[in-house]
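I have placed the structure first, in the form of structure tokens, so that the comments after it can refer back to it.
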Amino acid sequence: MGERLDTLSVSVLLPVYFKKAGVEEIRLLRRALDSVSVQTFPAQHEVILVDDGSPTPIKNLDFVNEAHRKIRILRSERNQGLAHALNRGLVAARFPLIARLDADDRWRPGKLEKQLRLFEADPDLTINATGMTLITPQEQEIELHIRKGDWIEVLKFCSELGCPLPHGSVVARREIYRLLGGYPQDPTFTHCEDYALWSVWLRFFKANMIEQALYDYTVSAGSVSVVYAQQQATASHSVNQRFRALGLVGRLPGALAELSSIIRGSILDAGILAYRIWRFRLCVRLPPEALGPLRTILPDRRLLIEKSGVRPFPLDRVIGTCASQPEGQLVAIRAL
Amino acid sequence: MVPCVVVCCDMDSVSAIEAHVRAIAPAAVILRAPSSGRGKEQINVALDYLDRERDRFTFVSFIEEHHVLYPFYAARLAEAHELTGADISFALSTERGPGDARKPRRSALPTAALVAANFVPLECCLIRTDLLVRSRARFGDYMGGLEEWDFMLALLTAGAQFWHLPETLCEARTVSQVEDLEKGPAIDFRERVLARRRDVARTLGTAQFVRDVAEFDFSDRPPLSPEEIAQLIEARHVFENAEALRG
């Protein structure tokens, strides 16, 4: 398989916790898996089903048919919660793209192919989601959610409204998931893990949406968004306030593009650099012009040119790849 | 990552545990602690082993049977070491009682505030082996729950650079402390820790306390509780008193 196709290989991440594995739960799980098996995959794929400590192990249930032979089942003996299950799957994932799906939801035919085409066309794209249809377990349509697709619109939604990316429709780079440490497991964000993660992700990396409903989200009395509505709203509000305070909408794409040009790397490289400077408060040897865009991207860090004391990291140690800069043109930029 | 399992029980049980551990992790090191050891003192067996095998391991972390390390635990803390040069990187831990939801444990404070209380969760830190060997730090005999604080102070006295990663990477499941309490009363634990913290304050000096507070990002954590404010004030007093004694 060629390099191009390798980059389009997909690990489908499907966490499952069945408190009680009834006929309906198994029917919906089979429906979810069927919706994966009818997708077109240009390269390799696997389905990682993380059994999050279901009392009856999922592997003992009769849900697999001939179309589901790519399934790998990981089991936690104790129920650890959604973020833990997802992170286990991220650690185990073999392929560079991660596609999310929940056990009671389903993808529409052609969904992945459309998303993978976007990743193939744009090496800087790190995450993509689609519109969704809210449905009942009996498959009656309740509501259609389609959001505007470009990067700035995604940032705008995240800042002004809330969680911008329907979780079960997301396809994203495993590299970035791992760079950010996976889904946050802070109890404050329980039932809002996805929004908490996207609010960091979107600060540094390019995202877009497909303006078409390619994913069906099943709303039932047992849905997390119904059972934990209040807790989810409180946590989402706190995530939203923090993101909004950064004032990045409309400024971030330009600043990342400027930084990428200064370091002679890609927008993805610029995002990795900015994230690591932010998270680890690094001191990095960079061209002095990098200070401007970095100040835009990191309004919650004090950035200064370090004259002495701290030994700066060379750029290639921070992002792995980049054309090297002449020594004389560089300064040590430090985040506090 | 090499698991080092310290067992403290009769020989039959040791054999059973050894067989179980070998089945899961063939490379694991299995050590036996004397059954007279109390509390975290049993970990000293592993620290002695580490002294002898220092060249094999870059980092050390601690886990007890009621702890759960989350999937990105090692990767995140090792990355923090690599990028910050710290001797100890630590993250946040949660706790969960039987049948309860998880809740956050202690939040981080500026490093020098360790003289007032421990906020570094032992189950959620990665320590450079060099530092451990250099410091010769060991866990004291049963100290009424202050062993971890005493241990962290010993590392701080040895000049450890701490780095806090504000992410939740571990869970401590609450278990009964009856077993330890049955082993006898704590001995002089408070005096020992108070003496240790005076040493730390003398070694670091008030200027370091001020620097740590000034550089700490309070926006990366929940608002300070009244207890935490009191701890910061107490820490300042410990440093000021040590400074006054030094003249």
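In the structure tokens, chains take the letters A, B, ... in the order shown, each chain's residues start at 1, and ligands count up from 1 in the order shown.
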
Practice task
Pick out the residues sitting within 8 Å of segment 216-223 of chain B, and hand them over as a ChimeraX atom specification; count only C-alpha atoms, and ignore anything fewer than 2 positions along from it in its own chain.
Solution key: /B:107-110,166,212-214,225

Exercise for the section: Write down as a ChimeraX atom specification the residues belonging to segment 37-244 of chain A that are assigned alpha helix (DSSP H) by DSSP computed on the backbone. Expected result: /A:37,82-92,111-121,151-160,174-179,193-204,224-227,229-244

Practice task
Kindly indicate which residue among B:Leu131, B:Val5, B:Leu169, B:Val68 lies nearest to Ala91 of chain B, using only C-alpha atoms for the distances.
Solution key: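 Smallest separation from Ala91 of chain B among the options: B:Leu169.
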
Exercise for the section: Please return, as a VMD selection string, all residues of chain A lying within 9 Å of chain B when only C-alpha atoms are considered. Expected result: chain A and resid 84 to 85 87 to 88 90 to 91 178 to 182 184 to 188 276 279 to 282 313 318 336

Practice task
Name the closest residue to Gly85 of chain B among the candidates B:Phe189, B:Phe162, B:Phe209, B:Phe239; distances are taken between atoms, counting only C-alpha atoms.
Solution key: B:Phe162

Handout entry: Distance query Glu160 of chain A at most 8 Å, only C-alpha atoms, self and fewer than 2 positions along chain excluded, as a PyMOL selection string
Key = chain A and resi 156-158+162+240+244

Residue selection dump (N, CA, C and O atoms) as a compact mmCIF listing (two decimals), in the first residue's frame:
# COMPACT_ATOMS: atom_id res chain seq x y z
N LYS A 156 -16.25 30.14 15.35
CA LYS A 156 -17.32 31.04 15.75
C LYS A 156 -18.39 30.26 16.55
O LYS A 156 -18.86 30.71 17.59
N PHE A 157 -18.74 29.10 16.05
CA PHE A 157 -19.74 28.28 16.73
C PHE A 157 -19.24 27.91 18.14
O PHE A 157 -19.96 28.00 19.13
N CYS A 158 -17.96 27.51 18.20
CA CYS A 158 -17.37 27.09 19.47
C CYS A 158 -17.38 28.25 20.47
O CYS A 158 -17.58 28.06 21.67
N GLY A 162 -21.45 26.78 21.45
CA GLY A 162 -21.15 25.59 22.25
C GLY A 162 -20.35 24.58 21.46
O GLY A 162 -19.58 24.95 20.58
N ASN A 240 -17.06 27.00 27.38
CA ASN A 240 -17.38 28.07 26.44
C ASN A 240 -16.81 29.42 26.89
O ASN A 240 -16.25 30.17 26.09
N ARG A 244 -14.22 31.56 24.69
CA ARG A 244 -14.66 32.87 24.21
C ARG A 244 -13.70 33.98 24.65
O ARG A 244 -13.40 34.90 23.90

Practice task
Can you pull out every residue within 9 Å of segment 5-13 of chain A, counting only C-alpha atoms, but drop anything in the same chain fewer than 2 positions away, and send it as a VMD selection string?
Solution key: chain A and resid 1 to 3 15 36 41 to 50 86 89 to 90 93 to 102 116 to 117 119 to 120 171 174

Practice task
Determine, counting only C-alpha atoms, which protein, DNA and RNA residues have an atom within 6 Å of an atom of segment 121-137 of chain A; residues of the same chain fewer than 2 positions away are not included. Present the result as number ranges by chain.
Solution key: A: 118-119, 139-146, 165, 169-173, 206-219, 267-268

Pick out the residues sitting within 8 Å of Ile305 of chain A, and hand them over as a short mmCIF file (atom, residue, chain, number, x, y, z; two decimals) with N, CA and C atoms, in the first residue's frame; count only C-alpha atoms, and ignore anything fewer than 6 positions along from it in its own chain.
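Full text of selection_18.cif as output:
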data_model
loop_
_atom_site.label_atom_id
_atom_site.label_comp_id
_atom_site.auth_asym_id
_atom_site.auth_seq_id
_atom_site.Cartn_x
_atom_site.Cartn_y
_atom_site.Cartn_z
N VAL A 331 16.04 34.28 18.06
CA VAL A 331 16.04 34.74 19.46
C VAL A 331 15.34 33.66 20.29
N ALA A 332 15.50 33.76 21.59
CA ALA A 332 14.84 32.79 22.48
C ALA A 332 13.50 33.38 22.92
N ILE A 333 12.41 32.77 22.48
CA ILE A 333 11.08 33.25 22.87
C ILE A 333 10.54 32.34 23.97
N ARG A 334 10.17 32.96 25.06
CA ARG A 334 9.76 32.17 26.23
C ARG A 334 8.32 32.49 26.62
#

Exercise for the section: Tell me, as JSON, numbers by chain, which residues lie within 12 Å of His237 of chain A, counting only C-alpha atoms; anything in the same chain fewer than 2 positions away does not count. Expected result: {"A": [158, 159, 160, 161, 162, 163, 188, 189, 192, 195, 196, 199, 230, 231, 232, 233, 234, 235, 239, 240, 241, 242, 243, 244]}

Written selection (N, CA and C atoms) as a compact mmCIF listing (two decimals), in the first residue's frame:
# COMPACT_ATOMS: atom_id res chain seq x y z
N CYS A 158 -17.96 27.51 18.20
CA CYS A 158 -17.37 27.09 19.47
C CYS A 158 -17.38 28.25 20.47
N SER A 159 -17.17 29.44 19.96
CA SER A 159 -17.09 30.61 20.84
C SER A 159 -18.47 31.14 21.21
N GLU A 160 -19.39 31.12 20.25
CA GLU A 160 -20.67 31.80 20.50
C GLU A 160 -21.77 30.86 20.98
N LEU A 161 -21.68 29.60 20.60
CA LEU A 161 -22.81 28.71 20.89
C LEU A 161 -22.47 27.52 21.78
N GLY A 162 -21.45 26.78 21.45
CA GLY A 162 -21.15 25.59 22.25
C GLY A 162 -20.35 24.58 21.46
N CYS A 163 -20.58 23.30 21.79
CA CYS A 163 -19.79 22.23 21.17
C CYS A 163 -20.01 22.23 19.66
N THR A 188 -14.64 17.37 36.27
CA THR A 188 -15.42 18.57 35.94
C THR A 188 -16.05 18.46 34.55
N PHE A 189 -15.36 17.73 33.66
CA PHE A 189 -15.82 17.67 32.27
C PHE A 189 -16.56 16.37 31.95
N CYS A 192 -18.98 16.02 29.07
CA CYS A 192 -18.69 17.16 28.19
C CYS A 192 -17.25 17.02 27.71
N TYR A 195 -16.39 18.45 24.05
CA TYR A 195 -16.28 19.91 23.93
C TYR A 195 -15.02 20.41 24.63
N ALA A 196 -14.72 19.83 25.79
CA ALA A 196 -13.51 20.25 26.51
C ALA A 196 -12.27 19.98 25.65
N SER A 199 -12.16 22.38 22.56
CA SER A 199 -11.85 23.78 22.91
C SER A 199 -10.34 24.00 23.01
N GLN A 230 -28.27 18.79 32.96
CA GLN A 230 -27.86 19.92 33.79
C GLN A 230 -26.34 19.96 33.97
N GLN A 231 -25.77 18.79 34.30
CA GLN A 231 -24.32 18.71 34.51
C GLN A 231 -23.57 19.07 33.22
N GLN A 232 -24.12 18.59 32.10
CA GLN A 232 -23.50 18.87 30.81
C GLN A 232 -23.56 20.37 30.49
N ALA A 233 -24.70 20.99 30.80
CA ALA A 233 -24.87 22.42 30.51
C ALA A 233 -23.88 23.25 31.34
N THR A 234 -23.72 22.89 32.61
CA THR A 234 -22.80 23.64 33.48
C THR A 234 -21.36 23.52 32.98
N ALA A 235 -20.96 22.30 32.67
CA ALA A 235 -19.58 22.08 32.21
C ALA A 235 -19.36 22.78 30.87
N VAL A 239 -16.54 25.66 29.75
CA VAL A 239 -15.62 25.50 28.61
C VAL A 239 -15.81 26.67 27.64
N ASN A 240 -17.06 27.00 27.38
CA ASN A 240 -17.38 28.07 26.44
C ASN A 240 -16.81 29.42 26.89
N GLN A 241 -16.95 29.70 28.18
CA GLN A 241 -16.46 30.99 28.69
C GLN A 241 -14.96 31.13 28.48
N ARG A 242 -14.25 30.05 28.74
CA ARG A 242 -12.79 30.08 28.60
C ARG A 242 -12.40 30.28 27.14
N PHE A 243 -13.09 29.58 26.26
CA PHE A 243 -12.74 29.68 24.84
C PHE A 243 -13.06 31.09 24.31
N ARG A 244 -14.22 31.56 24.69
CA ARG A 244 -14.66 32.87 24.21
C ARG A 244 -13.70 33.98 24.65

Exercise for the section: Could you tell me how far atom CA of Leu330 of chain A lies from atom CA of Pro287 of chain A, in Å and to one decimal? Expected result: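 Those two atoms sit 4.5 Å apart.
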
Problem - d(atom CA of Arg264 of chain A, atom CA of Leu298 of chain A) in Å - result: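 Atom-to-atom, atom CA of Arg264 of chain A and atom CA of Leu298 of chain A are spaced 19.8 Å apart.
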
Exercise for the section: Can you work out the spacing between atom CA of Pro57 of chain A and atom CA of Ile26 of chain A in Å, to one decimal? Expected result: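 Going from atom CA of Pro57 of chain A over to atom CA of Ile26 of chain A, I get 12.4 Å.
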
Problem - Sel. of strand (DSSP E or B) residues, segment 86-213 of chain A, as an MDAnalysis selection string - result: chainID A and resid 97:100 106:107 125:135 141:145 171:173 206:213
